[in-house]
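K.L.:
Contents of data.cif (mmCIF, C-alpha atoms and all ligand atoms; chains and numbers go by the auth columns):
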```
data_final
loop_
_atom_site.group_PDB
_atom_site.id
_atom_site.type_symbol
_atom_site.label_atom_id
_atom_site.label_comp_id
_atom_site.label_asym_id
_atom_site.label_seq_id
_atom_site.Cartn_x
_atom_site.Cartn_y
_atom_site.Cartn_z
_atom_site.B_iso_or_equiv
_atom_site.auth_seq_id
_atom_site.auth_asym_id
ATOM 1 C CA MET A 1 118.640 -18.916 10.528 0.00 1 J
ATOM 2 C CA GLY A 2 118.801 -15.163 11.381 0.00 2 J
ATOM 3 C CA SER A 3 121.419 -12.858 9.754 0.00 3 J
ATOM 4 C CA VAL A 4 124.941 -12.798 11.272 0.00 4 J
ATOM 5 C CA SER A 5 127.184 -9.748 10.916 0.00 5 J
ATOM 6 C CA PRO A 6 130.589 -10.075 9.163 0.00 6 J
ATOM 7 C CA ASP A 7 132.238 -8.908 12.411 0.00 7 J
ATOM 8 C CA ALA A 8 130.660 -11.756 14.358 0.00 8 J
ATOM 9 C CA VAL A 9 131.849 -14.280 11.725 0.00 9 J
ATOM 10 C CA ASN A 10 135.386 -12.883 11.892 0.00 10 J
ATOM 11 C CA ARG A 11 135.381 -13.044 15.680 0.00 11 J
ATOM 12 C CA TYR A 12 134.149 -16.665 15.582 0.00 12 J
ATOM 13 C CA LEU A 13 136.822 -17.686 13.050 0.00 13 J
ATOM 14 C CA LYS A 14 139.568 -15.948 15.068 0.00 14 J
ATOM 15 C CA GLN A 15 138.539 -17.717 18.276 0.00 15 J
ATOM 16 C CA THR A 16 138.307 -21.050 16.468 0.00 16 J
ATOM 17 C CA ARG A 17 141.815 -20.564 15.006 0.00 17 J
ATOM 18 C CA GLU A 18 143.204 -19.810 18.436 0.00 18 J
ATOM 19 C CA LEU A 19 141.621 -22.957 19.842 0.00 19 J
ATOM 20 C CA TYR A 20 142.082 -25.460 16.983 0.00 20 J
ATOM 21 C CA GLY A 21 144.784 -24.036 14.689 0.00 21 J
ATOM 22 C CA ASP A 22 144.525 -23.517 10.916 0.00 22 J
ATOM 23 C CA GLU A 23 142.232 -26.433 10.138 0.00 23 J
ATOM 24 C CA LEU A 24 138.549 -25.646 10.154 0.00 24 J
ATOM 25 C CA PHE A 25 136.343 -28.559 11.242 0.00 25 J
ATOM 26 C CA LEU A 26 132.737 -28.271 10.154 0.00 26 J
ATOM 27 C CA GLU A 27 130.150 -30.148 12.151 0.00 27 J
ATOM 28 C CA SER A 28 128.088 -32.502 10.020 0.00 28 J
ATOM 29 C CA ASN A 29 124.355 -32.059 10.291 0.00 29 J
ATOM 30 C CA PRO A 30 122.733 -35.445 10.997 0.00 30 J
ATOM 31 C CA VAL A 31 119.283 -34.229 9.941 0.00 31 J
ATOM 32 C CA SER A 32 120.369 -33.124 6.469 0.00 32 J
ATOM 33 C CA GLU A 33 122.491 -36.285 6.059 0.00 33 J
ATOM 34 C CA LYS A 34 119.385 -38.386 6.739 0.00 34 J
ATOM 35 C CA LYS A 35 117.447 -36.351 4.207 0.00 35 J
ATOM 36 C CA ASP A 36 120.145 -36.945 1.588 0.00 36 J
ATOM 37 C CA LEU A 37 120.009 -40.704 2.133 0.00 37 J
ATOM 38 C CA GLN A 38 116.240 -40.666 1.802 0.00 38 J
ATOM 39 C CA THR A 39 116.534 -38.711 -1.428 0.00 39 J
ATOM 40 C CA ILE A 40 119.089 -41.165 -2.799 0.00 40 J
ATOM 41 C CA HIS A 41 116.880 -44.122 -1.829 0.00 41 J
ATOM 42 C CA LEU A 42 113.903 -42.546 -3.592 0.00 42 J
ATOM 43 C CA GLU A 43 115.934 -42.007 -6.734 0.00 43 J
ATOM 44 C CA PHE A 44 116.772 -45.701 -6.921 0.00 44 J
ATOM 45 C CA SER A 45 113.507 -47.222 -5.768 0.00 45 J
ATOM 46 C CA THR A 46 110.835 -47.679 -8.381 0.00 46 J
ATOM 47 C CA GLU A 47 107.098 -47.953 -8.454 0.00 47 J
ATOM 48 C CA LEU A 48 107.643 -51.699 -8.789 0.00 48 J
ATOM 49 C CA ASP A 49 109.504 -51.727 -5.455 0.00 49 J
ATOM 50 C CA SER A 50 106.656 -49.880 -3.758 0.00 50 J
ATOM 51 C CA PHE A 51 104.149 -52.286 -5.288 0.00 51 J
ATOM 52 C CA HIS A 52 106.249 -55.204 -3.988 0.00 52 J
ATOM 53 C CA GLN A 53 106.192 -53.656 -0.506 0.00 53 J
ATOM 54 C CA GLN A 54 102.414 -53.258 -0.707 0.00 54 J
ATOM 55 C CA ILE A 55 101.642 -56.874 -1.597 0.00 55 J
ATOM 56 C CA HIS A 56 104.442 -59.034 -0.157 0.00 56 J
ATOM 57 C CA GLU A 57 102.406 -60.120 2.870 0.00 57 J
ATOM 58 C CA CYS A 58 99.458 -61.216 0.728 0.00 58 J
ATOM 59 C CA GLN A 59 97.131 -63.807 2.272 0.00 59 J
ATOM 60 C CA LYS A 60 94.444 -63.744 -0.412 0.00 60 J
ATOM 61 C CA CYS A 61 94.740 -67.470 -1.074 0.00 61 J
ATOM 62 C CA ARG A 62 95.843 -70.599 0.798 0.00 62 J
ATOM 63 C CA LEU A 63 99.401 -70.379 -0.617 0.00 63 J
ATOM 64 C CA GLY A 64 100.089 -67.429 1.688 0.00 64 J
ATOM 65 C CA GLN A 65 100.069 -69.910 4.605 0.00 65 J
ATOM 66 C CA SER A 66 102.489 -72.438 3.119 0.00 66 J
ATOM 67 C CA ARG A 67 105.050 -70.215 1.375 0.00 67 J
ATOM 68 C CA THR A 68 108.504 -69.437 2.740 0.00 68 J
ATOM 69 C CA ASN A 69 108.874 -66.331 0.582 0.00 69 J
ATOM 70 C CA PHE A 70 106.624 -64.257 -1.621 0.00 70 J
ATOM 71 C CA VAL A 71 108.354 -64.328 -5.037 0.00 71 J
ATOM 72 C CA PHE A 72 107.549 -60.981 -6.605 0.00 72 J
ATOM 73 C CA GLY A 73 109.935 -60.904 -9.601 0.00 73 J
ATOM 74 C CA VAL A 74 113.393 -59.681 -10.564 0.00 74 J
ATOM 75 C CA GLY A 75 115.010 -57.679 -13.281 0.00 75 J
ATOM 76 C CA ASP A 76 115.037 -54.419 -15.114 0.00 76 J
ATOM 77 C CA PRO A 77 111.995 -52.256 -14.246 0.00 77 J
ATOM 78 C CA ASN A 78 112.209 -50.773 -17.771 0.00 78 J
ATOM 79 C CA ALA A 79 112.637 -54.103 -19.553 0.00 79 J
ATOM 80 C CA SER A 80 111.392 -54.586 -23.086 0.00 80 J
ATOM 81 C CA LEU A 81 110.932 -58.308 -22.377 0.00 81 J
ATOM 82 C CA VAL A 82 108.911 -59.828 -19.522 0.00 82 J
ATOM 83 C CA LEU A 83 109.249 -63.596 -19.006 0.00 83 J
ATOM 84 C CA VAL A 84 106.435 -65.279 -17.093 0.00 84 J
ATOM 85 C CA GLY A 85 106.581 -68.756 -15.571 0.00 85 J
ATOM 86 C CA GLU A 86 103.755 -70.553 -13.810 0.00 86 J
ATOM 87 C CA ALA A 87 104.753 -70.399 -10.141 0.00 87 J
ATOM 88 C CA PRO A 88 107.818 -70.536 -7.887 0.00 88 J
ATOM 89 C CA GLY A 89 109.347 -73.957 -7.219 0.00 89 J
ATOM 90 C CA GLU A 90 111.209 -75.117 -4.119 0.00 90 J
ATOM 91 C CA GLN A 91 114.440 -73.170 -4.717 0.00 91 J
ATOM 92 C CA GLU A 92 112.533 -70.041 -5.668 0.00 92 J
ATOM 93 C CA ASP A 93 110.354 -70.281 -2.549 0.00 93 J
ATOM 94 C CA LEU A 94 113.472 -70.596 -0.391 0.00 94 J
ATOM 95 C CA LYS A 95 115.306 -67.724 -2.067 0.00 95 J
ATOM 96 C CA GLY A 96 112.414 -65.404 -2.874 0.00 96 J
ATOM 97 C CA GLU A 97 113.584 -65.073 -6.489 0.00 97 J
ATOM 98 C CA PRO A 98 112.077 -66.619 -9.647 0.00 98 J
ATOM 99 C CA PHE A 99 113.952 -69.168 -11.775 0.00 99 J
ATOM 100 C CA VAL A 100 116.992 -69.759 -9.568 0.00 100 J
ATOM 101 C CA GLY A 101 117.093 -73.572 -9.790 0.00 101 J
ATOM 102 C CA ARG A 102 118.499 -75.653 -12.685 0.00 102 J
ATOM 103 C CA ALA A 103 115.783 -74.413 -15.044 0.00 103 J
ATOM 104 C CA GLY A 104 116.709 -70.845 -14.118 0.00 104 J
ATOM 105 C CA GLN A 105 120.361 -71.486 -14.919 0.00 105 J
ATOM 106 C CA LEU A 106 119.370 -72.723 -18.368 0.00 106 J
ATOM 107 C CA LEU A 107 117.155 -69.667 -18.786 0.00 107 J
ATOM 108 C CA ASP A 108 120.139 -67.431 -17.967 0.00 108 J
ATOM 109 C CA LYS A 109 122.137 -69.169 -20.740 0.00 109 J
ATOM 110 C CA ILE A 110 119.309 -68.705 -23.240 0.00 110 J
ATOM 111 C CA LEU A 111 119.094 -65.010 -22.309 0.00 111 J
ATOM 112 C CA ALA A 112 122.861 -64.621 -22.734 0.00 112 J
ATOM 113 C CA ALA A 113 122.504 -66.099 -26.240 0.00 113 J
ATOM 114 C CA ILE A 114 120.156 -63.232 -27.159 0.00 114 J
ATOM 115 C CA ASP A 115 122.469 -60.705 -25.483 0.00 115 J
ATOM 116 C CA ARG A 116 120.218 -60.141 -22.489 0.00 116 J
ATOM 117 C CA SER A 117 120.317 -61.024 -18.783 0.00 117 J
ATOM 118 C CA ARG A 118 118.029 -60.786 -15.814 0.00 118 J
ATOM 119 C CA GLU A 119 119.601 -57.400 -15.066 0.00 119 J
ATOM 120 C CA LYS A 120 119.641 -56.175 -18.661 0.00 120 J
ATOM 121 C CA ASP A 121 116.374 -55.435 -20.450 0.00 121 J
ATOM 122 C CA VAL A 122 114.547 -58.443 -18.984 0.00 122 J
ATOM 123 C CA TYR A 123 112.091 -58.851 -16.131 0.00 123 J
ATOM 124 C CA ILE A 124 111.263 -62.338 -14.802 0.00 124 J
ATOM 125 C CA CYS A 125 108.239 -63.297 -12.741 0.00 125 J
ATOM 126 C CA ASN A 126 105.475 -65.881 -12.431 0.00 126 J
ATOM 127 C CA VAL A 127 101.704 -65.977 -12.684 0.00 127 J
ATOM 128 C CA LEU A 128 101.556 -67.080 -9.027 0.00 128 J
ATOM 129 C CA LYS A 129 103.807 -65.355 -6.520 0.00 129 J
ATOM 130 C CA CYS A 130 103.755 -68.228 -4.015 0.00 130 J
ATOM 131 C CA ARG A 131 104.778 -71.872 -4.374 0.00 131 J
ATOM 132 C CA PRO A 132 101.968 -74.414 -4.697 0.00 132 J
ATOM 133 C CA PRO A 133 102.571 -77.501 -2.500 0.00 133 J
ATOM 134 C CA GLN A 134 104.568 -80.218 -4.308 0.00 134 J
ATOM 135 C CA ASN A 135 104.750 -77.861 -7.318 0.00 135 J
ATOM 136 C CA ARG A 136 101.226 -78.770 -8.412 0.00 136 J
ATOM 137 C CA ASP A 137 99.626 -76.678 -11.164 0.00 137 J
ATOM 138 C CA PRO A 138 98.026 -73.375 -10.079 0.00 138 J
ATOM 139 C CA LEU A 139 94.338 -73.679 -9.146 0.00 139 J
ATOM 140 C CA ALA A 140 91.764 -71.422 -10.763 0.00 140 J
ATOM 141 C CA ASP A 141 91.009 -69.443 -7.588 0.00 141 J
ATOM 142 C CA GLU A 142 94.743 -68.891 -6.947 0.00 142 J
ATOM 143 C CA VAL A 143 95.135 -67.499 -10.473 0.00 143 J
ATOM 144 C CA GLU A 144 92.056 -65.334 -9.980 0.00 144 J
ATOM 145 C CA GLN A 145 93.566 -63.745 -6.841 0.00 145 J
ATOM 146 C CA CYS A 146 97.148 -63.451 -8.109 0.00 146 J
ATOM 147 C CA GLU A 147 96.877 -62.517 -11.791 0.00 147 J
ATOM 148 C CA PRO A 148 95.918 -58.874 -11.072 0.00 148 J
ATOM 149 C CA TYR A 149 99.390 -58.502 -9.479 0.00 149 J
ATOM 150 C CA LEU A 150 101.004 -59.660 -12.726 0.00 150 J
ATOM 151 C CA ILE A 151 98.828 -57.327 -14.790 0.00 151 J
ATOM 152 C CA HIS A 152 99.856 -54.397 -12.600 0.00 152 J
ATOM 153 C CA GLN A 153 103.558 -55.346 -12.871 0.00 153 J
ATOM 154 C CA ILE A 154 103.222 -55.409 -16.658 0.00 154 J
ATOM 155 C CA ASN A 155 101.438 -52.052 -16.647 0.00 155 J
ATOM 156 C CA LEU A 156 104.312 -50.537 -14.667 0.00 156 J
ATOM 157 C CA ILE A 157 107.045 -52.089 -16.827 0.00 157 J
ATOM 158 C CA GLN A 158 105.348 -51.526 -20.201 0.00 158 J
ATOM 159 C CA PRO A 159 107.397 -54.165 -22.049 0.00 159 J
ATOM 160 C CA LYS A 160 107.424 -54.595 -25.824 0.00 160 J
ATOM 161 C CA LEU A 161 106.819 -58.331 -25.434 0.00 161 J
ATOM 162 C CA ILE A 162 105.700 -60.925 -22.894 0.00 162 J
ATOM 163 C CA VAL A 163 106.935 -64.505 -23.154 0.00 163 J
ATOM 164 C CA ALA A 164 104.992 -67.217 -21.363 0.00 164 J
ATOM 165 C CA LEU A 165 107.344 -70.034 -20.372 0.00 165 J
ATOM 166 C CA GLY A 166 105.615 -73.385 -20.773 0.00 166 J
ATOM 167 C CA ARG A 167 102.132 -74.710 -21.410 0.00 167 J
ATOM 168 C CA VAL A 168 100.763 -73.909 -17.952 0.00 168 J
ATOM 169 C CA ALA A 169 101.835 -70.243 -18.043 0.00 169 J
ATOM 170 C CA GLY A 170 100.633 -69.964 -21.663 0.00 170 J
ATOM 171 C CA LYS A 171 97.198 -71.467 -21.145 0.00 171 J
ATOM 172 C CA THR A 172 96.680 -69.531 -17.916 0.00 172 J
ATOM 173 C CA LEU A 173 97.518 -66.170 -19.470 0.00 173 J
ATOM 174 C CA LEU A 174 95.542 -66.884 -22.636 0.00 174 J
ATOM 175 C CA ASN A 175 92.639 -68.415 -20.699 0.00 175 J
ATOM 176 C CA VAL A 176 92.480 -71.466 -22.963 0.00 176 J
ATOM 177 C CA ASP A 177 93.111 -75.173 -22.490 0.00 177 J
ATOM 178 C CA ASN A 178 95.416 -75.730 -25.459 0.00 178 J
ATOM 179 C CA SER A 179 98.582 -77.705 -26.085 0.00 179 J
ATOM 180 C CA LEU A 180 101.937 -75.940 -26.136 0.00 180 J
ATOM 181 C CA LYS A 181 102.255 -76.922 -29.790 0.00 181 J
ATOM 182 C CA SER A 182 99.084 -75.076 -30.719 0.00 182 J
ATOM 183 C CA MET A 183 100.076 -71.954 -28.755 0.00 183 J
ATOM 184 C CA ARG A 184 103.669 -71.712 -30.098 0.00 184 J
ATOM 185 C CA GLY A 185 104.516 -69.703 -33.201 0.00 185 J
ATOM 186 C CA ILE A 186 101.575 -67.309 -32.792 0.00 186 J
ATOM 187 C CA LEU A 187 101.751 -63.681 -31.727 0.00 187 J
ATOM 188 C CA HIS A 188 99.057 -63.513 -29.040 0.00 188 J
ATOM 189 C CA ASN A 189 97.888 -60.520 -27.065 0.00 189 J
ATOM 190 C CA TYR A 190 97.789 -60.134 -23.272 0.00 190 J
ATOM 191 C CA HIS A 191 96.053 -56.982 -22.031 0.00 191 J
ATOM 192 C CA ASN A 192 97.298 -55.066 -25.086 0.00 192 J
ATOM 193 C CA THR A 193 100.876 -56.373 -24.971 0.00 193 J
ATOM 194 C CA PRO A 194 102.083 -58.918 -27.572 0.00 194 J
ATOM 195 C CA LEU A 195 102.679 -62.375 -26.085 0.00 195 J
ATOM 196 C CA ILE A 196 104.588 -65.421 -27.330 0.00 196 J
ATOM 197 C CA VAL A 197 104.445 -68.891 -25.756 0.00 197 J
ATOM 198 C CA THR A 198 107.550 -71.061 -25.731 0.00 198 J
ATOM 199 C CA TYR A 199 108.983 -74.063 -23.903 0.00 199 J
ATOM 200 C CA HIS A 200 109.535 -73.998 -20.157 0.00 200 J
ATOM 201 C CA PRO A 201 113.307 -74.329 -19.495 0.00 201 J
ATOM 202 C CA ALA A 202 112.575 -77.314 -17.192 0.00 202 J
ATOM 203 C CA ALA A 203 110.991 -79.074 -20.187 0.00 203 J
ATOM 204 C CA LEU A 204 114.155 -78.380 -22.200 0.00 204 J
ATOM 205 C CA LEU A 205 116.219 -79.986 -19.446 0.00 205 J
ATOM 206 C CA ARG A 206 114.004 -83.086 -19.632 0.00 206 J
ATOM 207 C CA ASN A 207 113.919 -83.132 -23.459 0.00 207 J
ATOM 208 C CA PRO A 208 117.087 -81.539 -24.884 0.00 208 J
ATOM 209 C CA ASN A 209 115.923 -82.500 -28.401 0.00 209 J
ATOM 210 C CA TRP A 210 113.393 -79.613 -28.116 0.00 210 J
ATOM 211 C CA LYS A 211 116.210 -77.070 -27.788 0.00 211 J
ATOM 212 C CA PRO A 212 116.499 -76.288 -31.545 0.00 212 J
ATOM 213 C CA GLU A 213 112.766 -75.405 -31.642 0.00 213 J
ATOM 214 C CA ALA A 214 113.153 -73.280 -28.509 0.00 214 J
ATOM 215 C CA TRP A 215 116.106 -71.517 -30.117 0.00 215 J
ATOM 216 C CA LYS A 216 113.877 -70.668 -33.129 0.00 216 J
ATOM 217 C CA ASP A 217 111.404 -69.074 -30.685 0.00 217 J
ATOM 218 C CA PHE A 218 114.129 -67.067 -28.972 0.00 218 J
ATOM 219 C CA LYS A 219 115.509 -65.792 -32.298 0.00 219 J
ATOM 220 C CA TRP A 220 111.980 -64.556 -33.058 0.00 220 J
ATOM 221 C CA ILE A 221 111.766 -63.045 -29.550 0.00 221 J
ATOM 222 C CA ARG A 222 115.090 -61.254 -30.105 0.00 222 J
ATOM 223 C CA SER A 223 113.913 -59.855 -33.421 0.00 223 J
ATOM 224 C CA MET A 224 110.726 -58.562 -31.767 0.00 224 J
ATOM 225 C CA ILE A 225 112.487 -56.744 -28.940 0.00 225 J
ATOM 226 C CA ASP A 226 115.337 -55.451 -31.108 0.00 226 J
ATOM 227 C CA ALA A 227 112.878 -53.954 -33.601 0.00 227 J
HETATM 228 N N1 LIG B . 109.341 -72.731 -12.742 0.00 301 J
HETATM 229 C C1 LIG B . 108.535 -71.644 -12.877 0.00 301 J
HETATM 230 O O1 LIG B . 107.552 -71.668 -13.602 0.00 301 J
HETATM 231 N N2 LIG B . 108.873 -70.564 -12.210 0.00 301 J
HETATM 232 C C2 LIG B . 109.942 -70.462 -11.428 0.00 301 J
HETATM 233 O O2 LIG B . 110.187 -69.403 -10.851 0.00 301 J
HETATM 234 C C3 LIG B . 110.763 -71.596 -11.317 0.00 301 J
HETATM 235 C C4 LIG B . 110.448 -72.713 -11.984 0.00 301 J
#
```
Would you mind giving the structure from this file in structure tokens?
Ligand code: URA
P.N.:
Amino acid sequence: MGSVSPDAVNRYLKQTRELYGDELFLESNPVSEKKDLQTIHLEFSTELDSFHQQIHECQKCRLGQSRTNFVFGVGDPNASLVLVGEAPGEQEDLKGEPFVGRAGQLLDKILAAIDRSREKDVYICNVLKCRPPQNRDPLADEVEQCEPYLIHQINLIQPKLIVALGRVAGKTLLNVDNSLKSMRGILHNYHNTPLIVTYHPAALLRNPNWKPEAWKDFKWIRSMIDA
């Protein structure tokens, strides 16, 4: 904008007062408003959101054809705890969010017991981002295509601890074929982040007598992330 003399400003204000009275109405500038909104959006979006945008149409394996929704993950992008399940189930596929069925509700209660929630200091996702038909176990080639997404999520979040929920998630991440019993109670390592394996919440719904053991695991998990 070029310079405007004080006389010209005075003349403009005088004419405006004659036309509109004492109230001065300033025209909003749609261009700068748009810029502000973009700035605000950038402040709140994270690298995780951009990564989600990049990969959500993935067709690297057969599950891309059968899914309803790509289930990227939810939670705090700066979480100290990342929980990893095996793959989305029916409810998760329909909603596009991990652990929203009955098992997810139990998981929310367990998190509340350690003073956390899926919005507070926790990030929840799965090894596979798409639902396998009839909830069958992930196949090796599906894991091969999808696991790099999980590794990148973990690199962006930089948690203190990863918890694998259930035998399938545990053996997939640790690349072993072991029982849950033999993987529990050990501090493992996943791409330089400590990892603990515990019960899948769906298993706790089927066998409530395992809950005291699961609670021991979660007390250990709490002590690790509070440290
Ligand atoms: N079971 C999983 O392993 N992941 C989900 O998201 C839901 C159920």
K.L.:
Anything within 12 Å of (97.3, -73.2, -28.7): list those residues as number ranges by chain, counting all atoms listed in the file and sticking to the file's coordinates.
P.N.:
J: 166-188, 196-198
K.L.:
Around all listed atoms of ligand LIG 301 (chain J), padded 4 Å per side, what centre and edge lengths does the axis-aligned box have in Å to one decimal, as AutoDock Vina command-line options?
P.N.:
```
--center_x 109.2 --center_y -71.1 --center_z -12.2 --size_x 11.2 --size_y 11.3 --size_z 10.8
```
K.L.:
Pick from J:Leu106, J:Ala140, J:Leu195, J:His52: nearest to J:Pro208, with all atoms listed in the file counted?
P.N.:
J:Leu106
K.L.:
What gap, in Å, lies between atom CA of J:Asp93 and atom CA of J:Phe218?
P.N.:
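It comes out at 26.9 Å.
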K.L.:
Within 9 Å of ligand LIG 301 (chain J) (counting all atoms listed in the file), which residues show up? I'd like them as a PyMOL selection string.
P.N.:
chain J and resi 71+73+84-93+97-104+124-129+131+135+165-166+168-169+200-202
K.L.:
Evaluate the PyMOL selection byres (((chain J and resi 68) around 7) and not hetatm) here and jot the selected residues down as number ranges by chain.
P.N.:
J: 66-67, 69, 93-94
K.L.:
Provide stretch 114-129 of chain J rebuilt to N, CA and C atoms, formatted as a PDB file, in the frame of the given file.
P.N.:
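The resulting file, rebuild.pdb, is reproduced below:
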```
ATOM      1  N   ILE J 114     120.810 -64.336 -26.424  1.00  0.00           N
ATOM      2  CA  ILE J 114     120.156 -63.232 -27.159  1.00  0.00           C
ATOM      3  C   ILE J 114     120.629 -61.872 -26.604  1.00  0.00           C
ATOM      4  N   ASP J 115     121.810 -61.919 -25.979  1.00  0.00           N
ATOM      5  CA  ASP J 115     122.469 -60.705 -25.483  1.00  0.00           C
ATOM      6  C   ASP J 115     121.632 -59.958 -24.434  1.00  0.00           C
ATOM      7  N   ARG J 116     120.998 -60.738 -23.575  1.00  0.00           N
ATOM      8  CA  ARG J 116     120.218 -60.141 -22.489  1.00  0.00           C
ATOM      9  C   ARG J 116     120.602 -60.866 -21.188  1.00  0.00           C
ATOM     10  N   SER J 117     120.143 -60.314 -20.055  1.00  0.00           N
ATOM     11  CA  SER J 117     120.317 -61.024 -18.783  1.00  0.00           C
ATOM     12  C   SER J 117     119.209 -60.559 -17.863  1.00  0.00           C
ATOM     13  N   ARG J 118     119.113 -61.205 -16.695  1.00  0.00           N
ATOM     14  CA  ARG J 118     118.029 -60.786 -15.814  1.00  0.00           C
ATOM     15  C   ARG J 118     118.233 -59.381 -15.254  1.00  0.00           C
ATOM     16  N   GLU J 119     119.411 -58.808 -15.469  1.00  0.00           N
ATOM     17  CA  GLU J 119     119.601 -57.400 -15.066  1.00  0.00           C
ATOM     18  C   GLU J 119     119.448 -56.472 -16.270  1.00  0.00           C
ATOM     19  N   LYS J 120     119.556 -57.033 -17.478  1.00  0.00           N
ATOM     20  CA  LYS J 120     119.641 -56.175 -18.661  1.00  0.00           C
ATOM     21  C   LYS J 120     118.443 -56.385 -19.585  1.00  0.00           C
ATOM     22  N   ASP J 121     117.493 -55.486 -19.505  1.00  0.00           N
ATOM     23  CA  ASP J 121     116.374 -55.435 -20.450  1.00  0.00           C
ATOM     24  C   ASP J 121     115.383 -56.595 -20.310  1.00  0.00           C
ATOM     25  N   VAL J 122     115.464 -57.315 -19.194  1.00  0.00           N
ATOM     26  CA  VAL J 122     114.547 -58.443 -18.984  1.00  0.00           C
ATOM     27  C   VAL J 122     113.970 -58.374 -17.574  1.00  0.00           C
ATOM     28  N   TYR J 123     112.713 -58.708 -17.451  1.00  0.00           N
ATOM     29  CA  TYR J 123     112.091 -58.851 -16.131  1.00  0.00           C
ATOM     30  C   TYR J 123     111.502 -60.258 -16.061  1.00  0.00           C
ATOM     31  N   ILE J 124     111.720 -60.950 -14.936  1.00  0.00           N
ATOM     32  CA  ILE J 124     111.263 -62.338 -14.802  1.00  0.00           C
ATOM     33  C   ILE J 124     110.313 -62.463 -13.609  1.00  0.00           C
ATOM     34  N   CYS J 125     109.167 -63.074 -13.854  1.00  0.00           N
ATOM     35  CA  CYS J 125     108.239 -63.297 -12.741  1.00  0.00           C
ATOM     36  C   CYS J 125     107.361 -64.504 -13.060  1.00  0.00           C
ATOM     37  N   ASN J 126     106.374 -64.743 -12.253  1.00  0.00           N
ATOM     38  CA  ASN J 126     105.475 -65.881 -12.431  1.00  0.00           C
ATOM     39  C   ASN J 126     104.028 -65.425 -12.344  1.00  0.00           C
ATOM     40  N   VAL J 127     103.136 -66.291 -12.838  1.00  0.00           N
ATOM     41  CA  VAL J 127     101.704 -65.977 -12.684  1.00  0.00           C
ATOM     42  C   VAL J 127     101.375 -65.977 -11.187  1.00  0.00           C
ATOM     43  N   LEU J 128     101.763 -67.045 -10.478  1.00  0.00           N
ATOM     44  CA  LEU J 128     101.556 -67.080  -9.027  1.00  0.00           C
ATOM     45  C   LEU J 128     102.823 -66.619  -8.323  1.00  0.00           C
ATOM     46  N   LYS J 129     102.652 -65.860  -7.274  1.00  0.00           N
ATOM     47  CA  LYS J 129     103.807 -65.355  -6.520  1.00  0.00           C
ATOM     48  C   LYS J 129     104.221 -66.283  -5.375  1.00  0.00           C
TER      49      LYS J 129
END
```
